[in-house]
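Engineer: Got a structure for you, written out below as structure tokens; questions coming shortly.
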4 protein chains.
Amino acid sequence: MASRIKVIIAGALGKMGEEAARAVKNDEELELIGRADSRARKQSGHGATGEIGLVIDNDLDHLLKKVKPDVMIDFTNPQAVYNNVTTALQHGINCVVGTTGLNDIELRQLEKMALDNEVAVAIIPNFAIGAVLMMKMAQEAARYFPDVEIIETHHNQKIDAPSGTALKTAEMIMASNPRHPGPNRDTVKLAGVRGGDMDGIRIHSVRLPGFVAHQEVIFGGVGQSLTIRHDSYDRVGFMPGVVMTVKKIMGLKGLIYGLEQIM
Amino acid sequence: MASRIKVIIAGALGKMGEEAARAVKNDEELELIGRADSRARKQSGHGATGEIGLVIDNDLDHLLKKVKPDVMIDFTNPQAVYNNVTTALQHGINCVVGTTGLNDIELRQLEKMALDNEVAVAIIPNFAIGAVLMMKMAQEAARYFPDVEIIETHHNQKIDAPSGTALKTAEMIMASNPRHPGPNRDTVKLAGVRGGDMDGIRIHSVRLPGFVAHQEVIFGGVGQSLTIRHDSYDRVGFMPGVVMTVKKIMGLKGLIYGLEQIM
Amino acid sequence: MASRIKVIIAGALGKMGEEAARAVKNDEELELIGRADSRARKQSGHGATGEIGLVIDNDLDHLLKKVKPDVMIDFTNPQAVYNNVTTALQHGINCVVGTTGLNDIELRQLEKMALDNEVAVAIIPNFAIGAVLMMKMAQEAARYFPDVEIIETHHNQKIDAPSGTALKTAEMIMASNPRHPGPNRDTVKLAGVRGGDMDGIRIHSVRLPGFVAHQEVIFGGVGQSLTIRHDSYDRVGFMPGVVMTVKKIMGLKGLIYGLEQIM
Amino acid sequence: MASRIKVIIAGALGKMGEEAARAVKNDEELELIGRADSRARKQSGHGATGEIGLVIDNDLDHLLKKVKPDVMIDFTNPQAVYNNVTTALQHGINCVVGTTGLNDIELRQLEKMALDNEVAVAIIPNFAIGAVLMMKMAQEAARYFPDVEIIETHHNQKIDAPSGTALKTAEMIMASNPRHPGPNRDTVKLAGVRGGDMDGIRIHSVRLPGFVAHQEVIFGGVGQSLTIRHDSYDRVGFMPGVVMTVKKIMGLKGLIYGLEQIM
């Protein structure tokens, strides 16, 4: 076997960081060589931690003086992510970033820094391969079916509507086919449902206990309809997308934005 | 075989009237003995009409002087229905009415007239047995699941929203369980989707070409969800409800309102 | 407030036992006063355990000498359940049993024992209120729609097919309407899919990773269809059924079999 | 406006031929200049026929001596199609063929004849754009999700199972990703459901009254699922695919097989 890709994880104590560590450990092309989290106890490196079996360092810089990874996975927080990524890029390490909160200026700076160091930085808002496929398929179908509505269903603790995935889907559909039906002319007998209308693409937001994260994109044509549906049941569903990004980033340079860029 | 139930149809030239004639003819417990439609050509009774094979009279009174039906089915129009039904009830004929437009005062008068003549009048807004079952099931499920949303999907030529079936479903759910979640407190990123909120029950109205008439009632509970869906593909789907009503009305007196009363 | 219903849990260290403890603690009409599990460490009652905060006794008899519950919930195992329930019934304690493995003779004995002690024993194979509603609804719909197929979808680790819920649903449909279409006469171009045919009711068994436990009952009629769907996402979805049974059992005597008996 | 594409229809008296005539007439880039059907009454060209307004010739050769179309649409029958298409190709007319029954040898001959005459012949087994999109999407998704099952639902008059679309979908998935799970090892409690297993891809065939033609392709992955669904409600749904093919064939040469070749 060729040598494995060496990986470290920043934000290792979070739920996504733990899942990512497990996924890296279980993939035979990858090797987990370090974990960092600022919340880890101040300790100097003795004793393995849980099933994953690597001490969690509480300082990324400190970790990077000890190990030489090919890729850093960042699942930290909006406050920490920019510094983490610049540090890693300056060490010539590719970065796979699932943390939100980077603005456009920061993205441009990270892109330049990646190119200067001849590595890549992948910013991935949604690691669910199925959700990204749904969006790509919706974009393709919109070329043939101008009439479309979106129904997204989430648990009732979700605090915003419509969901980010639904808005992104509508944007991608608009980019592919901007000709959508005009304003409603129907008789409204009741109003005030949750959801919105983006330039003619209607998005319905269902919020009910029991559900996790689901979306349907429904295209209607004369005599037929085409529906694309994605269901997320568990955050473990994001891990194949994380692993795929770690593998694909090895041959790339500069900025990758969104899983769809590498699918 | 016992003697068959004798049936006439008013509004025989409409689409529903034609389907009803076909359904009556094909049921071995029923016998079609007359058809009337004010749009029929002025003619005095010679020559059979089409596959169904009965001359269409252009005057209901005239028809009732010739034949003695047990039941009249009315699929006429809001202007004609009240006169048709009073005429039939006074002849001691049970009436099955699929025509809309009768107001509450008229309903009370028809009820009294039916009782006086010892027959029954059934006013049925929706003959789709499946749709009525869906509403009854939703009412039952609401006793256990307070959280519910409705998605109704129709072709894009439908001019009102939400659909009558969706509003009726929400009313039946309210009657069974009035405790529904309070107002939205979520962050609205986009507004203006088609649909409405009835005392906490959200109804989403999808309008797309290709669809006919469809509804989903979705109940969410912790760790589970329950969905009841009805799809109408063709008006022929109303006919089993028409035939069932004709048979059940024979033993009844007074007013029946809605198919759920006899299921 | 009236005094609360006192509850103990047998099998407290299992996943269902832990969820049940949490559910009882969180319901204001119930009071958790004891937990037992033969796997608990031999200890004599000092020290609270975890978030739930009650020492787990390793012997049910011992626990029943200390506390006087109204209801025992049993989520143990087929070897232990019969002895546990007889012990509790002899103490005059109502029993809510989620454990499988009791045979018909044992059920008859437990029924007699419950009646002799003027309490009740509820044997509940499926505590998911939504699944039981689905089965009841399917039974009702079958009176109007003889044509029906079932699609059940589970994760790919499930080792039997069709699922117990699907078989129970088909039995309930048969009891309500035994007239189902005869054998296939179609041209078979490919065979060997997973699922079965129970006296004309076809059950399709889908096994795919990612899914949890889902079932659709699809009724087709001329021009329309009616679909009832239940989705289970998490075992916590069984708890409302457990809590409901604990509350309803208080006024009952003898044997209750199946959640549908008390809905 | 540029000159319109001149179209004739062979098999004009069939249901598909009539729909096609209507679709061509209603498209402003196309012009319907002739119709032929061997079942037409022997008549020599006087009198317009129905809403479409063109006499139907009972002989294709005769029609081709009178008019010079750019494209012939063939919706005839397996016995007539080969002769019709060779006749048209020899006149230098592009052919769009929805008729089944051509074998591989005939396809090769038609391809050569088209190339010799510098025109194109498009053989299209399924004109439903949505169904073809579904198959293409399924092929793409299979690259990421090896676990897949297909559920196809048709009216109970359909005489073969699984449907041609389901078999074609499974073939396209196999071509994209041949690694599918091995044989069942589960405990079978009931057998004999309708459907089949193609090299690990399971196809479930549901047959119920009320339905028309529907298919779901369900991909399951850890923690997520992706479903692509197509519903056909009416043969008019094939017409956008017919019109699209007529327009795209104008710039092509040789044989096109399947709508996916020009999408």
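Labels for the structure tokens follow display order: chains A, B, ..., residues from 1 in each chain, ligands from 1.
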Identify every residue of chain A that has at least one atom within 6 Å of any atom of chain D, counting only C-alpha atoms, and report the result as a ChimeraX atom specification.
Structural biologist: /A:130,222-234,236-237
Engineer: Would you superpose chain B on chain A, least squares on all C-alpha atoms in order, and hand back the fitted chain as a short mmCIF file (atom, residue, chain, number, x, y, z; two decimals) with C-alpha atoms, in the first residue's frame?
Structural biologist:
data_model
loop_
_atom_site.label_atom_id
_atom_site.label_comp_id
_atom_site.auth_asym_id
_atom_site.auth_seq_id
_atom_site.Cartn_x
_atom_site.Cartn_y
_atom_site.Cartn_z
CA MET B 1 0.07 0.00 0.11
CA ALA B 2 1.20 3.53 -0.72
CA SER B 3 1.87 5.75 2.27
CA ARG B 4 -1.29 7.02 3.92
CA ILE B 5 -2.43 10.64 4.08
CA LYS B 6 -1.53 12.07 7.51
CA VAL B 7 -4.38 13.99 9.12
CA ILE B 8 -4.88 16.14 12.22
CA ILE B 9 -8.16 17.46 13.56
CA ALA B 10 -8.72 20.89 15.13
CA GLY B 11 -11.81 21.13 17.30
CA ALA B 12 -11.41 17.50 18.31
CA LEU B 13 -13.70 17.72 21.35
CA GLY B 14 -16.76 18.89 19.40
CA LYS B 15 -19.32 16.44 18.07
CA MET B 16 -18.18 16.92 14.48
CA GLY B 17 -14.54 16.68 15.50
CA GLU B 18 -15.14 13.39 17.26
CA GLU B 19 -17.03 11.92 14.31
CA ALA B 20 -14.28 13.09 11.96
CA ALA B 21 -11.59 11.42 14.08
CA ARG B 22 -13.54 8.17 13.99
CA ALA B 23 -14.00 8.43 10.21
CA VAL B 24 -10.30 9.13 9.59
CA LYS B 25 -9.28 6.26 11.83
CA ASN B 26 -11.60 3.87 9.98
CA ASP B 27 -10.38 4.76 6.48
CA GLU B 28 -7.41 2.73 5.37
CA GLU B 29 -6.01 5.43 3.10
CA LEU B 30 -5.88 7.93 5.96
CA GLU B 31 -3.84 8.09 9.17
CA LEU B 32 -4.86 10.17 12.19
CA ILE B 33 -1.70 11.61 13.74
CA GLY B 34 -2.95 14.38 16.00
CA ARG B 35 -5.91 16.11 17.59
CA ALA B 36 -6.21 19.59 19.04
CA ASP B 37 -8.85 21.44 21.00
CA SER B 38 -8.43 24.58 23.09
CA ARG B 39 -10.89 23.06 25.57
CA ALA B 40 -8.57 20.09 26.26
CA ARG B 41 -7.10 19.86 29.71
CA LYS B 42 -3.66 21.41 30.08
CA GLN B 43 -1.53 18.36 29.82
CA SER B 44 1.77 17.55 28.23
CA GLY B 45 1.05 14.52 26.15
CA HIS B 46 0.74 11.44 28.27
CA GLY B 47 -2.20 9.04 28.14
CA ALA B 48 -4.47 8.12 25.24
CA THR B 49 -8.04 9.46 25.05
CA GLY B 50 -11.04 7.22 24.60
CA GLU B 51 -11.64 4.78 21.76
CA ILE B 52 -9.75 7.00 19.31
CA GLY B 53 -6.60 6.74 21.29
CA LEU B 54 -4.68 9.98 20.78
CA VAL B 55 -4.00 12.63 23.38
CA ILE B 56 -5.82 15.87 22.54
CA ASP B 57 -3.45 18.81 22.51
CA ASN B 58 -4.86 22.09 23.77
CA ASP B 59 -2.74 24.19 21.42
CA LEU B 60 -2.58 23.82 17.62
CA ASP B 61 0.83 25.51 17.28
CA HIS B 62 2.26 23.17 19.86
CA LEU B 63 0.85 20.17 18.01
CA LEU B 64 2.27 21.36 14.67
CA LYS B 65 5.75 21.49 16.18
CA LYS B 66 5.47 17.80 16.99
CA VAL B 67 3.76 16.33 13.90
CA LYS B 68 3.88 16.91 10.12
CA PRO B 69 0.38 16.29 8.72
CA ASP B 70 -0.65 16.47 5.08
CA VAL B 71 -4.12 17.75 5.92
CA MET B 72 -5.79 19.58 8.81
CA ILE B 73 -9.54 19.19 9.31
CA ASP B 74 -11.07 22.17 11.13
CA PHE B 75 -14.36 21.85 13.02
CA THR B 76 -13.75 24.62 15.57
CA ASN B 77 -15.77 27.85 15.78
CA PRO B 78 -16.13 31.18 13.94
CA GLN B 79 -13.69 32.89 16.35
CA ALA B 80 -10.87 30.38 15.96
CA VAL B 81 -11.10 29.17 12.40
CA TYR B 82 -9.26 31.99 10.58
CA ASN B 83 -6.20 31.82 12.84
CA ASN B 84 -6.12 28.04 12.74
CA VAL B 85 -6.20 27.92 8.96
CA THR B 86 -3.55 30.62 8.45
CA THR B 87 -1.28 28.79 10.88
CA ALA B 88 -1.71 25.50 9.05
CA LEU B 89 -1.31 26.98 5.57
CA GLN B 90 1.93 28.66 6.63
CA HIS B 91 3.17 25.22 7.67
CA GLY B 92 2.34 24.00 4.14
CA ILE B 93 -0.62 21.94 5.32
CA ASN B 94 -3.79 21.50 3.25
CA CYS B 95 -6.93 22.56 5.11
CA VAL B 96 -10.45 21.05 5.04
CA VAL B 97 -12.79 23.46 6.82
CA GLY B 98 -16.30 22.68 8.01
CA THR B 99 -16.50 25.67 10.35
CA THR B 100 -18.73 28.58 9.27
CA GLY B 101 -18.11 32.29 9.73
CA LEU B 102 -15.36 33.19 7.24
CA ASN B 103 -16.19 36.35 5.26
CA ASP B 104 -15.31 37.12 1.64
CA ILE B 105 -12.17 39.11 2.50
CA GLU B 106 -10.89 36.26 4.65
CA LEU B 107 -11.62 33.77 1.89
CA ARG B 108 -9.53 35.82 -0.58
CA GLN B 109 -6.68 36.04 1.91
CA LEU B 110 -6.75 32.30 2.59
CA GLU B 111 -6.80 31.61 -1.15
CA LYS B 112 -3.66 33.74 -1.67
CA MET B 113 -1.94 32.15 1.31
CA ALA B 114 -2.71 28.65 0.01
CA LEU B 115 -1.35 29.48 -3.44
CA ASP B 116 1.78 31.06 -1.91
CA ASN B 117 2.39 27.86 0.04
CA GLU B 118 1.43 25.58 -2.86
CA VAL B 119 -1.35 23.88 -0.93
CA ALA B 120 -5.15 24.05 -0.96
CA VAL B 121 -7.88 25.18 1.41
CA ALA B 122 -11.37 23.68 1.02
CA ILE B 123 -14.24 25.58 2.66
CA ILE B 124 -17.25 23.22 2.73
CA PRO B 125 -20.57 24.59 4.07
CA ASN B 126 -22.30 21.22 3.63
CA PHE B 127 -20.44 17.90 3.67
CA ALA B 128 -23.55 15.79 2.91
CA ILE B 129 -22.79 14.28 -0.49
CA GLY B 130 -26.46 13.51 -0.99
CA ALA B 131 -27.51 17.11 -0.37
CA VAL B 132 -24.93 18.41 -2.82
CA LEU B 133 -26.05 15.86 -5.42
CA MET B 134 -29.64 17.03 -4.87
CA MET B 135 -28.61 20.62 -5.56
CA LYS B 136 -26.67 19.70 -8.69
CA MET B 137 -29.55 17.56 -9.95
CA ALA B 138 -32.03 20.37 -9.29
CA GLN B 139 -29.86 22.73 -11.27
CA GLU B 140 -29.82 20.29 -14.19
CA ALA B 141 -33.56 19.56 -14.04
CA ALA B 142 -34.35 23.30 -14.03
CA ARG B 143 -33.06 23.51 -17.60
CA TYR B 144 -36.05 21.41 -18.66
CA PHE B 145 -38.65 22.26 -16.01
CA PRO B 146 -39.13 25.96 -15.21
CA ASP B 147 -41.82 25.29 -12.60
CA VAL B 148 -40.40 24.26 -9.23
CA GLU B 149 -41.15 24.45 -5.52
CA ILE B 150 -39.03 23.38 -2.55
CA ILE B 151 -40.27 21.78 0.69
CA GLU B 152 -37.73 21.60 3.51
CA THR B 153 -38.61 19.86 6.78
CA HIS B 154 -36.63 20.21 10.00
CA HIS B 155 -37.09 19.55 13.71
CA ASN B 156 -38.95 22.28 15.57
CA GLN B 157 -35.84 23.55 17.35
CA LYS B 158 -34.38 25.01 14.16
CA ILE B 159 -34.41 28.76 14.60
CA ASP B 160 -34.19 30.06 11.03
CA ALA B 161 -36.31 29.58 7.92
CA PRO B 162 -35.91 28.78 5.10
CA SER B 163 -32.91 26.53 5.63
CA GLY B 164 -29.52 27.41 4.16
CA THR B 165 -29.67 24.36 1.90
CA ALA B 166 -33.05 25.46 0.52
CA LEU B 167 -31.79 28.98 -0.20
CA LYS B 168 -28.64 27.62 -1.86
CA THR B 169 -30.75 25.23 -3.95
CA ALA B 170 -32.99 28.08 -5.12
CA GLU B 171 -29.92 30.15 -6.05
CA MET B 172 -28.47 27.29 -8.08
CA ILE B 173 -31.80 26.80 -9.86
CA MET B 174 -31.97 30.53 -10.64
CA ALA B 175 -28.45 30.41 -12.08
CA SER B 176 -29.47 27.58 -14.38
CA ASN B 177 -32.90 28.85 -15.38
CA PRO B 178 -34.00 32.33 -14.32
CA ARG B 179 -37.41 32.05 -16.05
CA HIS B 180 -39.85 31.30 -13.25
CA PRO B 181 -43.58 31.96 -13.02
CA GLY B 182 -44.67 35.45 -12.03
CA PRO B 183 -46.46 36.56 -8.87
CA ASN B 184 -49.46 34.76 -7.45
CA ARG B 185 -52.82 35.72 -8.80
CA ASP B 186 -54.79 33.25 -6.79
CA THR B 187 -57.44 33.95 -4.19
CA VAL B 188 -55.81 33.81 -0.79
CA LYS B 189 -58.13 32.38 1.85
CA LEU B 190 -55.52 32.13 4.60
CA ALA B 191 -51.98 33.48 4.94
CA GLY B 192 -48.91 33.34 7.12
CA VAL B 193 -47.38 29.95 6.51
CA ARG B 194 -43.65 29.57 7.11
CA GLY B 195 -41.45 29.84 4.03
CA GLY B 196 -40.65 32.26 1.26
CA ASP B 197 -40.62 33.15 -2.43
CA MET B 198 -37.26 33.73 -4.14
CA ASP B 199 -37.95 35.29 -7.54
CA GLY B 200 -40.76 32.86 -8.25
CA ILE B 201 -39.29 29.78 -6.58
CA ARG B 202 -41.44 28.99 -3.56
CA ILE B 203 -39.84 27.43 -0.50
CA HIS B 204 -42.06 25.80 2.14
CA SER B 205 -40.53 25.37 5.60
CA VAL B 206 -42.05 22.62 7.73
CA ARG B 207 -41.02 22.50 11.41
CA LEU B 208 -42.13 19.49 13.41
CA PRO B 209 -40.69 17.44 16.27
CA GLY B 210 -39.32 14.06 15.25
CA PHE B 211 -37.80 15.18 11.98
CA VAL B 212 -34.09 15.79 11.49
CA ALA B 213 -33.20 17.53 8.16
CA HIS B 214 -35.04 16.77 4.92
CA GLN B 215 -35.64 18.52 1.61
CA GLU B 216 -37.73 17.88 -1.51
CA VAL B 217 -37.30 19.77 -4.78
CA ILE B 218 -40.44 19.26 -6.89
CA PHE B 219 -40.51 20.05 -10.61
CA GLY B 220 -43.89 20.01 -12.36
CA GLY B 221 -44.39 19.75 -16.09
CA VAL B 222 -47.42 19.03 -18.20
CA GLY B 223 -48.49 15.46 -17.45
CA GLN B 224 -45.50 14.62 -15.25
CA SER B 225 -43.47 15.64 -12.19
CA LEU B 226 -39.91 15.01 -11.03
CA THR B 227 -38.95 15.07 -7.35
CA ILE B 228 -35.51 14.97 -5.76
CA ARG B 229 -35.44 14.28 -2.03
CA HIS B 230 -32.61 14.22 0.51
CA ASP B 231 -32.97 12.98 4.08
CA SER B 232 -30.34 13.48 6.77
CA TYR B 233 -30.77 11.29 9.81
CA ASP B 234 -27.47 11.69 11.63
CA ARG B 235 -24.31 13.82 11.54
CA VAL B 236 -22.36 10.70 10.70
CA GLY B 237 -23.81 11.23 7.21
CA PHE B 238 -21.39 14.13 6.73
CA MET B 239 -18.30 11.95 7.17
CA PRO B 240 -18.03 10.40 3.69
CA GLY B 241 -17.90 13.97 2.38
CA VAL B 242 -15.15 14.88 4.86
CA VAL B 243 -13.09 11.84 3.91
CA MET B 244 -13.60 12.45 0.18
CA THR B 245 -12.44 16.06 0.55
CA VAL B 246 -9.31 15.03 2.49
CA LYS B 247 -8.36 12.63 -0.32
CA LYS B 248 -9.14 14.97 -3.21
CA ILE B 249 -7.44 18.03 -1.73
CA MET B 250 -4.03 16.35 -1.99
CA GLY B 251 -3.66 17.16 -5.68
CA LEU B 252 -5.13 20.66 -5.57
CA LYS B 253 -3.89 24.24 -5.06
CA GLY B 254 -5.72 27.39 -3.93
CA LEU B 255 -9.32 27.76 -2.78
CA ILE B 256 -12.11 25.19 -3.16
CA TYR B 257 -15.55 26.44 -2.08
CA GLY B 258 -18.30 23.87 -1.68
CA LEU B 259 -18.32 20.11 -2.06
CA GLU B 260 -19.79 20.47 -5.57
CA GLN B 261 -16.39 21.78 -6.77
CA ILE B 262 -14.77 18.41 -6.25
CA MET B 263 -17.63 16.07 -7.21
#
Engineer: Can you pull out every residue from stretch 21-71 of chain A that DSSP, working from the backbone, puts in strand (DSSP E), and format the result as a list of chain:residue names?
Structural biologist: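 Selection result, strand (DSSP E) within stretch 21-71 of chain A: A:Leu30, A:Glu31, A:Leu32, A:Ile33, A:Gly34, A:Arg35, A:Ala36, A:Ile56, A:Asp57, A:Val71.
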Engineer: Write the residues you've just listed into a file as a CSV table (one decimal), in the first residue's frame, and include N, CA and C atoms for each of them.
Structural biologist:
chain,number,residue,atom,x,y,z
A,30,LEU,N,-6.2,6.8,5.1
A,30,LEU,CA,-5.9,7.9,6.0
A,30,LEU,C,-5.2,7.5,7.3
A,31,GLU,N,-4.4,8.4,7.9
A,31,GLU,CA,-3.8,8.1,9.2
A,31,GLU,C,-4.0,9.3,10.1
A,32,LEU,N,-4.6,9.1,11.2
A,32,LEU,CA,-4.8,10.2,12.2
A,32,LEU,C,-3.6,10.3,13.0
A,33,ILE,N,-2.9,11.4,13.0
A,33,ILE,CA,-1.7,11.6,13.7
A,33,ILE,C,-1.7,12.7,14.8
A,34,GLY,N,-2.9,13.3,14.9
A,34,GLY,CA,-2.9,14.3,16.0
A,34,GLY,C,-4.3,14.9,16.1
A,35,ARG,N,-4.6,15.4,17.3
A,35,ARG,CA,-5.9,16.1,17.6
A,35,ARG,C,-5.6,17.3,18.5
A,36,ALA,N,-6.4,18.4,18.2
A,36,ALA,CA,-6.2,19.6,19.0
A,36,ALA,C,-7.5,20.1,19.4
A,56,ILE,N,-5.3,14.6,23.2
A,56,ILE,CA,-5.8,15.9,22.5
A,56,ILE,C,-5.0,17.0,23.1
A,57,ASP,N,-4.3,17.6,22.2
A,57,ASP,CA,-3.4,18.8,22.5
A,57,ASP,C,-4.3,20.0,22.7
A,71,VAL,N,-2.8,17.0,5.9
A,71,VAL,CA,-4.1,17.7,5.9
A,71,VAL,C,-4.6,18.0,7.3
Engineer: Within stretch 19-194 of chain D, find each residue whose DSSP state, derived from the backbone, is helix (DSSP H, G or I), and express the selection as a PyMOL selection string.
Structural biologist: chain D and resi 19-26+60-66+81-90+104-116+129-141+164-176
